[in-house]
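Source file: upload-v9.cif (mmCIF, C-alpha atoms)
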data_protein
#
loop_
_atom_site.label_atom_id
_atom_site.label_comp_id
_atom_site.auth_asym_id
_atom_site.auth_seq_id
_atom_site.Cartn_x
_atom_site.Cartn_y
_atom_site.Cartn_z
CA MET Z 1 13.43 39.30 -45.40
CA ALA Z 2 14.31 42.80 -44.38
CA THR Z 3 11.44 43.02 -41.92
CA GLU Z 4 12.50 39.76 -40.34
CA THR Z 5 16.02 40.96 -39.88
CA VAL Z 6 14.63 43.95 -38.05
CA GLU Z 7 12.35 41.69 -36.08
CA HIS Z 8 15.12 39.46 -34.80
CA ALA Z 9 17.69 42.14 -34.45
CA ALA Z 10 16.36 42.45 -30.92
CA SER Z 11 18.19 39.31 -29.97
CA ALA Z 12 21.77 38.46 -30.80
CA CYS Z 13 21.03 34.78 -30.52
CA VAL Z 14 18.47 34.34 -33.29
CA GLY Z 15 19.54 34.49 -36.88
CA PRO Z 16 17.66 36.28 -39.67
CA SER Z 17 15.92 33.05 -40.68
CA GLY Z 18 14.51 32.57 -37.17
CA SER Z 19 16.94 29.81 -36.26
CA ALA Z 20 19.12 29.89 -33.20
CA ILE Z 21 22.70 31.05 -33.54
CA GLY Z 22 24.76 28.64 -31.50
CA MET Z 23 23.19 27.17 -28.39
CA PRO Z 24 20.18 29.07 -27.08
CA GLN Z 25 21.23 27.85 -23.64
CA LEU Z 26 24.30 30.07 -23.77
CA CYS Z 27 22.49 33.20 -24.91
CA ALA Z 28 23.22 35.75 -22.22
CA ASP Z 29 20.25 37.91 -23.27
CA TRP Z 30 17.73 35.38 -22.05
CA ILE Z 31 19.30 34.25 -18.81
CA PRO Z 32 18.10 37.11 -16.53
CA ASN Z 33 14.55 36.52 -17.73
CA GLN Z 34 14.75 32.81 -16.93
CA ILE Z 35 16.35 33.40 -13.55
CA PHE Z 36 13.63 35.86 -12.60
CA TRP Z 37 10.77 33.61 -13.61
CA LEU Z 38 12.44 30.54 -12.10
CA LEU Z 39 12.72 32.29 -8.75
CA VAL Z 40 9.08 33.36 -8.97
CA THR Z 41 8.08 29.81 -9.87
CA LEU Z 42 10.08 28.25 -7.04
CA ALA Z 43 8.66 30.76 -4.56
CA VAL Z 44 5.11 30.00 -5.65
CA ILE Z 45 5.67 26.23 -5.55
CA PHE Z 46 7.34 26.46 -2.15
CA PHE Z 47 4.52 28.59 -0.79
CA VAL Z 48 1.83 26.27 -2.13
CA LEU Z 49 3.58 23.12 -0.95
CA SER Z 50 4.66 24.28 2.50
CA ARG Z 51 1.45 26.12 3.34
CA VAL Z 52 -1.20 23.90 1.81
CA ALA Z 53 -0.18 20.67 0.16
CA LEU Z 54 2.47 19.14 2.41
CA PRO Z 55 0.73 19.69 5.79
CA ARG Z 56 -2.48 18.39 4.28
CA ILE Z 57 -0.86 15.26 2.86
CA ALA Z 58 1.07 14.73 6.10
CA SER Z 59 -2.16 14.94 8.10
CA VAL Z 60 -3.92 12.58 5.69
CA LEU Z 61 -1.09 10.07 5.95
CA ALA Z 62 -0.98 10.37 9.74
CA GLU Z 63 -4.74 10.03 9.93
CA ARG Z 64 -4.63 6.99 7.69
CA SER Z 65 -1.91 5.27 9.69
CA GLY Z 66 -3.84 6.15 12.85
CA THR Z 67 -7.01 4.69 11.39
CA ILE Z 68 -5.18 1.57 10.32
CA THR Z 69 -3.60 1.16 13.76
CA ASN Z 70 -6.98 1.69 15.43
CA ASP Z 71 -8.65 -0.76 13.11
CA ILE Z 72 -5.98 -3.36 13.74
CA ALA Z 73 -6.35 -2.85 17.51
CA ALA Z 74 -10.14 -3.11 17.19
CA ALA Z 75 -9.76 -6.26 15.13
CA GLU Z 76 -7.41 -7.68 17.76
CA ASP Z 77 -9.97 -6.80 20.42
CA LEU Z 78 -12.80 -8.41 18.49
CA LYS Z 79 -10.68 -11.48 17.91
CA LEU Z 80 -10.03 -11.80 21.65
CA LYS Z 81 -13.75 -11.35 22.30
CA ALA Z 82 -14.57 -14.00 19.75
CA GLN Z 83 -12.06 -16.33 21.36
CA ALA Z 84 -13.58 -15.68 24.80
CA ALA Z 85 -17.05 -16.28 23.38
CA GLU Z 86 -15.86 -19.50 21.82
CA ALA Z 87 -14.32 -20.64 25.10
CA ALA Z 88 -17.55 -19.77 26.94
CA TYR Z 89 -19.54 -21.67 24.35
CA GLU Z 90 -17.26 -24.68 24.68
CA LYS Z 91 -17.57 -24.53 28.45
CA ALA Z 92 -21.36 -24.23 28.28
CA LEU Z 93 -21.45 -27.17 25.91
CA ALA Z 94 -19.28 -29.28 28.23
CA ASP Z 95 -21.41 -28.25 31.22
CA ALA Z 96 -24.57 -29.15 29.37
CA ARG Z 97 -23.09 -32.51 28.48
CA THR Z 98 -22.14 -33.35 32.08
CA GLU Z 99 -25.53 -32.07 33.26
CA ALA Z 100 -27.29 -34.23 30.72
CA ALA Z 101 -25.18 -37.24 31.72
CA LYS Z 102 -26.02 -36.57 35.37
CA ILE Z 103 -29.73 -36.29 34.63
CA VAL Z 104 -29.61 -39.48 32.58
CA ALA Z 105 -27.80 -41.30 35.42
CA GLU Z 106 -30.29 -39.97 37.99
CA ALA Z 107 -33.22 -40.98 35.86
CA LYS Z 108 -31.71 -44.38 35.35
CA ALA Z 109 -31.15 -44.85 39.09
CA GLU Z 110 -34.68 -43.67 39.87
CA ILE Z 111 -36.15 -45.98 37.30
CA GLN Z 112 -34.00 -48.79 38.65
CA THR Z 113 -35.18 -48.28 42.23
CA GLU Z 114 -38.80 -48.02 41.08
CA LEU Z 115 -38.34 -51.09 39.01
CA ASP Z 116 -36.76 -52.95 41.92
CA ALA Z 117 -39.60 -51.93 44.21
CA GLU Z 118 -42.21 -52.99 41.69
CA LEU Z 119 -40.40 -56.25 41.10
CA ALA Z 120 -40.19 -56.93 44.82
CA LYS Z 121 -43.87 -56.12 45.21
CA ALA Z 122 -44.74 -58.35 42.30
CA ASP Z 123 -42.58 -61.13 43.69
CA LYS Z 124 -44.31 -60.79 47.02
CA VAL Z 125 -47.74 -60.91 45.43
CA ILE Z 126 -46.68 -63.88 43.38
CA SER Z 127 -45.34 -65.75 46.41
CA GLU Z 128 -48.49 -64.93 48.36
CA LYS Z 129 -50.62 -66.21 45.54
CA THR Z 130 -48.42 -69.28 45.28
CA ALA Z 131 -48.78 -69.97 49.00
CA GLU Z 132 -52.54 -69.50 48.81
CA SER Z 133 -52.72 -71.76 45.82
CA GLU Z 134 -50.63 -74.38 47.59
CA VAL Z 135 -52.94 -74.23 50.59
CA ALA Z 136 -55.96 -74.55 48.30
CA ILE Z 137 -54.32 -77.38 46.41
CA ALA Z 138 -53.50 -79.13 49.70
CA GLU Z 139 -57.08 -78.64 50.82
CA ILE Z 140 -58.36 -79.96 47.57
CA ARG Z 141 -55.97 -82.88 47.76
CA ASP Z 142 -56.99 -83.63 51.35
CA GLY Z 143 -60.61 -83.31 50.33
CA ALA Z 144 -59.99 -85.69 47.47
CA VAL Z 145 -58.24 -88.23 49.71
CA LYS Z 146 -61.10 -88.09 52.19
CA SER Z 147 -63.62 -88.45 49.39
CA VAL Z 148 -61.67 -91.38 48.02
CA THR Z 149 -61.60 -92.93 51.53
CA ASP Z 150 -65.33 -92.34 51.95
CA VAL Z 151 -66.03 -93.75 48.52
CA ALA Z 152 -63.74 -96.71 49.23
CA LYS Z 153 -65.46 -97.34 52.60
CA ASP Z 154 -68.87 -97.12 51.02
CA THR Z 155 -67.80 -99.25 48.10
CA ALA Z 156 -66.13 -101.77 50.40
CA GLY Z 157 -69.23 -101.87 52.65
CA GLU Z 158 -71.49 -102.30 49.64
CA ILE Z 159 -69.22 -104.99 48.19
CA VAL Z 160 -69.18 -106.85 51.52
CA ALA Z 161 -72.94 -106.48 51.68
CA ALA Z 162 -73.28 -107.71 48.15
CA PHE Z 163 -71.30 -110.81 49.08
CA GLY Z 164 -73.86 -111.33 51.75
CA GLY Z 165 -71.70 -110.40 54.56
CA LYS Z 166 -72.42 -108.06 57.22
CA ALA Z 167 -69.74 -105.62 57.85
CA ASP Z 168 -69.85 -103.21 60.60
CA ALA Z 169 -68.62 -99.77 59.85
CA LYS Z 170 -65.73 -99.96 62.27
CA THR Z 171 -64.08 -102.94 60.68
CA VAL Z 172 -64.55 -101.63 57.15
CA THR Z 173 -63.03 -98.33 58.08
CA ALA Z 174 -60.03 -99.98 59.67
CA ALA Z 175 -59.52 -102.24 56.67
CA VAL Z 176 -59.80 -99.41 54.18
CA THR Z 177 -57.46 -97.22 56.19
CA ALA Z 178 -54.97 -100.03 56.36
CA ARG Z 179 -55.17 -100.53 52.63
CA MET Z 180 -54.95 -96.91 51.86
CA LYS Z 181 -51.77 -96.71 53.88
CA GLY Z 182 -50.37 -99.70 52.14
CA MET H 1 2.35 34.31 -35.52
CA LEU H 2 6.07 34.07 -35.07
CA GLN H 3 5.71 30.32 -35.09
CA THR H 4 4.08 30.30 -38.53
CA LYS H 5 6.66 32.71 -39.89
CA ARG H 6 9.40 30.43 -38.65
CA MET H 7 7.79 27.43 -40.19
CA ILE H 8 7.61 29.23 -43.49
CA ASN H 9 11.25 30.13 -43.11
CA VAL H 10 12.16 26.50 -42.46
CA ALA H 11 10.15 25.50 -45.50
CA THR H 12 11.92 28.04 -47.68
CA ASP H 13 15.22 26.86 -46.26
CA VAL H 14 14.43 23.33 -47.30
CA GLN H 15 13.45 24.48 -50.75
CA SER H 16 16.38 26.81 -51.24
CA GLU H 17 18.98 24.34 -49.98
CA GLY H 18 17.27 21.44 -51.68
CA GLY H 19 17.95 19.24 -48.65
CA LEU H 20 17.12 18.77 -45.03
CA ALA H 21 17.19 21.70 -42.65
CA PHE H 22 18.35 20.73 -39.18
CA HIS H 23 17.39 23.13 -36.45
CA PRO H 24 17.41 20.87 -33.41
CA LEU H 25 18.17 23.73 -31.06
CA ASP H 26 15.43 26.08 -32.26
CA GLN H 27 13.05 24.51 -29.77
CA PHE H 28 15.04 26.06 -26.96
CA ILE H 29 14.72 29.66 -28.20
CA VAL H 30 13.21 31.96 -25.61
CA LYS H 31 10.51 34.14 -27.17
CA PRO H 32 8.29 36.84 -25.76
CA LEU H 33 4.78 35.51 -25.43
CA PHE H 34 3.16 38.81 -26.45
CA GLY H 35 4.67 40.81 -29.29
CA ASP H 36 8.12 40.52 -30.77
CA GLY H 37 10.08 42.85 -28.53
CA PRO H 38 13.38 42.10 -26.84
CA VAL H 39 13.50 39.60 -23.95
CA GLY H 40 14.03 41.67 -20.84
CA MET H 41 14.24 40.42 -17.30
CA PHE H 42 10.51 40.71 -16.63
CA THR H 43 9.21 39.88 -20.11
CA VAL H 44 6.55 37.21 -20.14
CA THR H 45 8.12 34.55 -22.35
CA ASN H 46 7.46 30.95 -23.34
CA ALA H 47 9.71 29.99 -20.41
CA THR H 48 7.31 31.89 -18.14
CA LEU H 49 4.35 30.13 -19.73
CA TRP H 50 5.72 26.64 -19.17
CA MET H 51 6.86 27.40 -15.64
CA ALA H 52 3.35 28.68 -14.97
CA ILE H 53 1.90 25.49 -16.46
CA ALA H 54 4.21 23.52 -14.16
CA ILE H 55 2.89 25.50 -11.17
CA LEU H 56 -0.72 24.88 -12.23
CA THR H 57 -0.08 21.17 -12.72
CA ILE H 58 1.58 20.95 -9.31
CA ILE H 59 -1.37 22.75 -7.74
CA ALA H 60 -3.77 20.43 -9.58
CA VAL H 61 -2.02 17.33 -8.29
CA PHE H 62 -1.02 18.41 -4.79
CA VAL H 63 -3.74 20.83 -3.78
CA LEU H 64 -6.83 19.89 -5.78
CA GLY H 65 -5.89 16.19 -5.75
CA SER H 66 -5.66 16.06 -1.97
CA LYS H 67 -8.72 18.26 -1.43
CA GLY H 68 -10.86 15.32 -0.34
CA ARG H 69 -8.39 14.36 2.44
CA ALA H 70 -9.71 10.88 1.80
CA ILE H 71 -8.60 7.99 4.00
CA VAL H 72 -8.97 5.82 0.92
CA PRO H 73 -7.27 8.10 -1.61
CA THR H 74 -8.47 8.97 -5.07
CA ARG H 75 -6.10 8.34 -7.96
CA VAL H 76 -4.65 11.86 -8.05
CA GLN H 77 -4.38 11.99 -4.27
CA SER H 78 -2.49 8.72 -4.21
CA VAL H 79 -0.07 10.10 -6.83
CA ALA H 80 0.54 13.13 -4.62
CA GLU H 81 0.95 10.92 -1.56
CA LEU H 82 3.31 8.65 -3.44
CA MET H 83 5.58 11.57 -4.38
CA TYR H 84 5.38 12.95 -0.86
CA SER H 85 6.31 9.63 0.73
CA PHE H 86 9.02 9.00 -1.87
CA VAL H 87 10.81 12.31 -1.25
CA TYR H 88 10.15 12.25 2.51
CA LYS H 89 11.66 8.80 2.82
CA MET H 90 14.60 9.84 0.64
CA VAL H 91 15.33 12.88 2.82
CA GLU H 92 14.95 10.84 6.00
CA ASP H 93 17.10 7.96 4.77
CA VAL H 94 19.92 10.09 3.37
CA THR H 95 20.14 13.01 5.80
CA GLY H 96 18.71 11.44 8.93
CA LYS H 97 15.96 12.67 11.25
CA ASP H 98 17.41 16.17 11.61
CA GLY H 99 17.25 16.72 7.84
CA VAL H 100 13.49 16.32 7.78
CA LYS H 101 12.90 20.01 8.52
CA TYR H 102 14.43 20.85 5.12
CA PHE H 103 11.99 18.49 3.42
CA PRO H 104 9.71 21.24 1.97
CA TYR H 105 12.68 22.85 0.17
CA ILE H 106 13.81 19.56 -1.31
CA MET H 107 10.24 18.68 -2.23
CA THR H 108 9.96 22.03 -4.03
CA LEU H 109 13.05 21.25 -6.07
CA PHE H 110 11.87 17.73 -6.84
CA VAL H 111 8.37 18.59 -7.98
CA PHE H 112 9.54 21.56 -10.04
CA ILE H 113 12.18 19.51 -11.90
CA LEU H 114 9.92 16.49 -12.27
CA PHE H 115 6.93 18.42 -13.60
CA ALA H 116 9.08 20.66 -15.82
CA ASN H 117 10.84 17.60 -17.27
CA TYR H 118 7.59 15.82 -18.03
CA LEU H 119 5.82 18.90 -19.38
CA ALA H 120 8.81 19.42 -21.67
CA LEU H 121 8.01 16.07 -23.27
CA LEU H 122 4.70 17.40 -24.61
CA PRO H 123 4.96 18.24 -28.31
CA MET H 124 5.44 21.98 -28.99
CA SER H 125 6.30 22.61 -25.36
CA PHE H 126 9.30 24.53 -24.07
CA SER H 127 11.86 22.68 -21.95
CA THR H 128 12.58 24.99 -19.04
CA THR H 129 15.01 22.58 -17.38
CA SER H 130 17.12 22.28 -20.55
CA HIS H 131 18.47 25.78 -19.97
CA ILE H 132 21.69 26.11 -18.07
CA GLY H 133 20.42 29.46 -16.77
CA VAL H 134 17.65 27.62 -14.93
CA THR H 135 19.57 24.59 -13.73
CA ALA H 136 22.58 26.67 -12.69
CA ILE H 137 20.34 28.70 -10.39
CA LEU H 138 19.00 25.45 -8.95
CA GLY H 139 22.45 23.90 -8.62
CA PHE H 140 24.27 26.93 -7.28
CA GLY H 141 21.30 27.80 -5.12
CA VAL H 142 21.56 24.39 -3.47
CA PHE H 143 25.35 24.78 -3.24
CA PHE H 144 25.31 28.20 -1.55
CA ALA H 145 22.38 27.37 0.71
CA ILE H 146 24.01 24.16 1.89
CA THR H 147 27.45 25.72 2.35
CA ALA H 148 25.90 28.57 4.35
CA LEU H 149 23.91 26.07 6.39
CA GLY H 150 27.06 24.08 7.11
CA PHE H 151 28.89 27.15 8.43
CA ILE H 152 25.87 28.31 10.43
CA LEU H 153 25.39 24.93 12.09
CA HIS H 154 29.03 23.97 12.64
CA GLY H 155 31.09 27.18 12.27
CA ALA H 156 34.67 26.61 11.27
CA SER H 157 34.46 22.91 12.12
CA PHE H 158 32.44 22.54 8.93
CA LEU H 159 35.83 22.68 7.19
CA GLY H 160 36.51 19.28 8.79
CA LEU H 161 34.53 17.96 5.84
CA PHE H 162 37.74 18.39 3.81
CA TRP H 163 40.12 17.08 6.44
CA MET H 164 40.14 13.27 6.42
CA LYS H 165 40.92 12.23 9.98
CA ASP H 166 41.26 8.55 9.13
CA ALA H 167 43.76 9.11 6.31
CA PRO H 168 47.56 9.02 6.92
CA LEU H 169 48.80 12.42 8.03
CA PHE H 170 51.01 13.12 5.02
CA LEU H 171 48.12 12.36 2.65
CA ARG H 172 45.63 14.63 4.39
CA PRO H 173 46.62 17.93 2.70
CA ILE H 174 46.52 16.29 -0.74
CA ILE H 175 43.12 14.76 -0.03
CA ALA H 176 41.95 18.11 1.31
CA VAL H 177 42.86 19.82 -1.98
CA ILE H 178 41.02 17.13 -3.96
CA GLU H 179 38.03 17.37 -1.64
CA VAL H 180 37.87 21.15 -1.99
CA ILE H 181 38.02 20.92 -5.78
CA SER H 182 35.35 18.24 -5.86
CA TYR H 183 33.23 20.32 -3.49
CA PHE H 184 33.34 23.31 -5.82
CA VAL H 185 32.70 21.18 -8.90
CA ARG H 186 29.50 19.87 -7.31
CA PRO H 187 27.17 22.73 -8.35
CA VAL H 188 28.60 22.72 -11.88
CA SER H 189 28.05 19.00 -12.39
CA HIS H 190 24.77 19.22 -10.52
CA SER H 191 23.35 21.80 -12.94
CA ILE H 192 25.00 20.67 -16.17
CA ARG H 193 23.88 17.07 -15.63
CA LEU H 194 20.23 18.08 -15.62
CA ALA H 195 20.38 20.62 -18.43
CA GLY H 196 22.61 18.39 -20.56
CA ASN H 197 20.35 15.36 -20.25
CA ILE H 198 17.20 17.24 -21.16
CA LEU H 199 18.90 19.27 -23.92
CA ALA H 200 20.51 16.22 -25.54
CA GLY H 201 17.38 14.13 -25.44
CA HIS H 202 15.18 16.81 -26.96
CA ALA H 203 17.75 17.68 -29.62
CA VAL H 204 18.07 14.01 -30.63
CA LEU H 205 14.28 13.76 -30.81
CA LYS H 206 14.23 16.77 -33.13
CA VAL H 207 16.94 15.31 -35.36
CA PHE H 208 15.08 12.02 -35.68
CA ALA H 209 11.88 13.91 -36.39
CA THR H 210 13.59 15.87 -39.17
CA PHE H 211 14.63 12.62 -40.83
CA ALA H 212 10.96 11.63 -40.94
CA ALA H 213 10.59 14.03 -43.90
CA VAL H 214 12.71 11.70 -46.03
CA THR H 215 10.42 8.97 -47.38
CA LEU H 216 13.15 6.36 -47.51
CA VAL H 217 14.10 6.47 -43.84
CA SER H 218 10.90 7.84 -42.37
CA PRO H 219 9.65 4.51 -40.85
CA LEU H 220 13.03 4.08 -39.20
CA SER H 221 13.08 7.64 -37.96
CA VAL H 222 9.55 7.39 -36.56
CA LEU H 223 10.60 4.24 -34.71
CA GLY H 224 13.67 6.15 -33.54
CA VAL H 225 11.50 9.00 -32.27
CA VAL H 226 9.31 6.55 -30.37
CA ALA H 227 12.32 4.80 -28.85
CA ILE H 228 14.08 8.04 -27.87
CA TYR H 229 10.82 9.40 -26.49
CA GLY H 230 10.48 6.33 -24.30
CA LEU H 231 14.04 6.83 -23.14
CA GLU H 232 13.32 10.49 -22.43
CA VAL H 233 10.33 9.56 -20.29
CA ILE H 234 12.70 7.52 -18.13
CA VAL H 235 15.39 10.21 -18.18
CA ALA H 236 12.91 12.90 -17.12
CA GLY H 237 12.07 10.97 -13.96
CA ILE H 238 15.60 9.82 -13.27
CA GLN H 239 17.10 13.29 -13.60
CA ALA H 240 14.58 14.71 -11.13
CA TYR H 241 15.42 11.85 -8.78
CA VAL H 242 19.19 12.27 -9.24
CA PHE H 243 19.06 16.02 -8.66
CA THR H 244 17.02 15.51 -5.50
CA ILE H 245 19.06 12.69 -4.01
CA LEU H 246 22.33 14.57 -4.67
CA THR H 247 20.81 17.57 -2.91
CA CYS H 248 20.06 15.26 0.02
CA VAL H 249 23.62 13.93 -0.02
CA TYR H 250 25.06 17.46 0.00
CA LEU H 251 22.66 18.39 2.76
CA LYS H 252 23.86 15.42 4.78
CA ASP H 253 27.43 16.74 4.43
CA ALA H 254 26.31 20.09 5.79
CA LEU H 255 24.43 18.51 8.70
CA HIS H 256 27.08 15.92 9.58
CA PRO H 257 30.41 17.18 8.20
CA ALA H 258 32.47 14.63 10.11
CA HIS H 259 33.17 11.62 7.94
#
What is this structure when it is put down as structure tokens?
Amino acid sequence: MATETVEHAASACVGPSGSAIGMPQLCADWIPNQIFWLLVTLAVIFFVLSRVALPRIASVLAERSGTITNDIAAAEDLKLKAQAAEAAYEKALADARTEAAKIVAEAKAEIQTELDAELAKADKVISEKTAESEVAIAEIRDGAVKSVTDVAKDTAGEIVAAFGGKADAKTVTAAVTARMKG
Amino acid sequence: MLQTKRMINVATDVQSEGGLAFHPLDQFIVKPLFGDGPVGMFTVTNATLWMAIAILTIIAVFVLGSKGRAIVPTRVQSVAELMYSFVYKMVEDVTGKDGVKYFPYIMTLFVFILFANYLALLPMSFSTTSHIGVTAILGFGVFFAITALGFILHGASFLGLFWMKDAPLFLRPIIAVIEVISYFVRPVSHSIRLAGNILAGHAVLKVFATFAAVTLVSPLSVLGVVAIYGLEVIVAGIQAYVFTILTCVYLKDALHPAH
């Protein structure tokens, strides 16, 4: 115990058992020491902060906000570009549609005219053929009538002859013609 | 070595008195770090040690943490940036644009108090900010610096701070006296608030911890220690914040003394 008393006799604020006497905060012996080291500490912290840490953090924050602003501007730019591209695409699509419609209409008109021409040609051919056929039919009919007349004359002449009569050709012809008309 | 001797002493105290030995204030004793000599002005003490640890922690967070200068910050860097932005915004909001040039000084105060408060919550640590000798230097330092600044910037018109122009004429001298008194009480309350909060919290923690030696109440006292510790974690941050924002408010008075 004696050694401890000697040991702590250095300070008036620590009792022989090593406990504080009163509040250590109010011990005047220790205050100069704390003031000195506090001032050293504050000086060091201030030096470190103002010379190194704060400018660095400020620059990082500024850089970051700059980067963010730039990125937002770039994004805005890209968005506008995308919108322009979309508009151009829409326009191209609409143009292509009208073009296609035009081509379809043209093709239709062309086909129509070709078709009309072909139809007209075909009609003409058909009417020509019809006329030819009618002529042929008329010829055939005339031929047939003549043949019938001839046959009738011959038959009439033969019949007259068979009855023992004598018919001259002129009379028979006149009679047959008269009958044929009748 | 001294620590073990003290523990033995406490143990003998308990035995000799046959009861609990309360020494809640022993944690605040300033001891030389090397040897057992007297504590002189330049002696390296436990206070020195914990201030140095505070400096190293601050360097670790603010210098090493921001070393990468990353656009997308690392965890430590974002902590440093958070504190920077917090204090910067506080200074700007309270004092205005022209107060921003005093930001490094206020930041120094804030980080020192904050880191010292939180380091003091480590078991076996020494609470530097619980000592009135430390906080009084901080408080009076702020007081004298700001008063000097007020007179340098505004000359005698700085005294207009005490002269309420919008009060009735006959009341103005009375208000002026009250204002002057409150102005001079500022550093006292400023420093005692911080030291008192830290001192009281740590002393209460110690008392609760001492009760843990009694089997009957030890679960309760451990719960009490946990609860008080949680409270102290909040108090440590809040006291740093309060000290800083009051410094900003006083600074605003010096920059714009007209009410």
Distance in Å - atom CA of H:Met51 versus atom CA of H:Leu121: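 Interatomic distance, atom CA of H:Met51 to atom CA of H:Leu121: 13.7 Å.
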Could you list the residues in chain Z lying within 9 Å of chain H, using all atoms listed in the file, and format the result as a PyMOL selection string? chain Z and resi 7-11+13-14+17-26+28-39+41-46+48-50+52-54+56-61+63-64+67
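Straight-line separation from atom CA of H:Ala203 to atom CA of H:His190: 20.4 Å.
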Using all atoms listed in the file, which residue out of H:Thr247, H:Val242, H:Leu169, H:Ile181 lies closest to H:Gly141?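 That would be H:Thr247, the residue with the smallest distance to H:Gly141.
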Among the residues H:Ala258, H:Leu246, H:Val100, H:Val94, the one that comes closest to H:Trp163 [using all atoms listed in the file]: H:Ala258
Using atom CA of H:Ser191 and atom CA of H:Phe140 as the two end points, give the distance in Å to one decimal. 7.7 Å
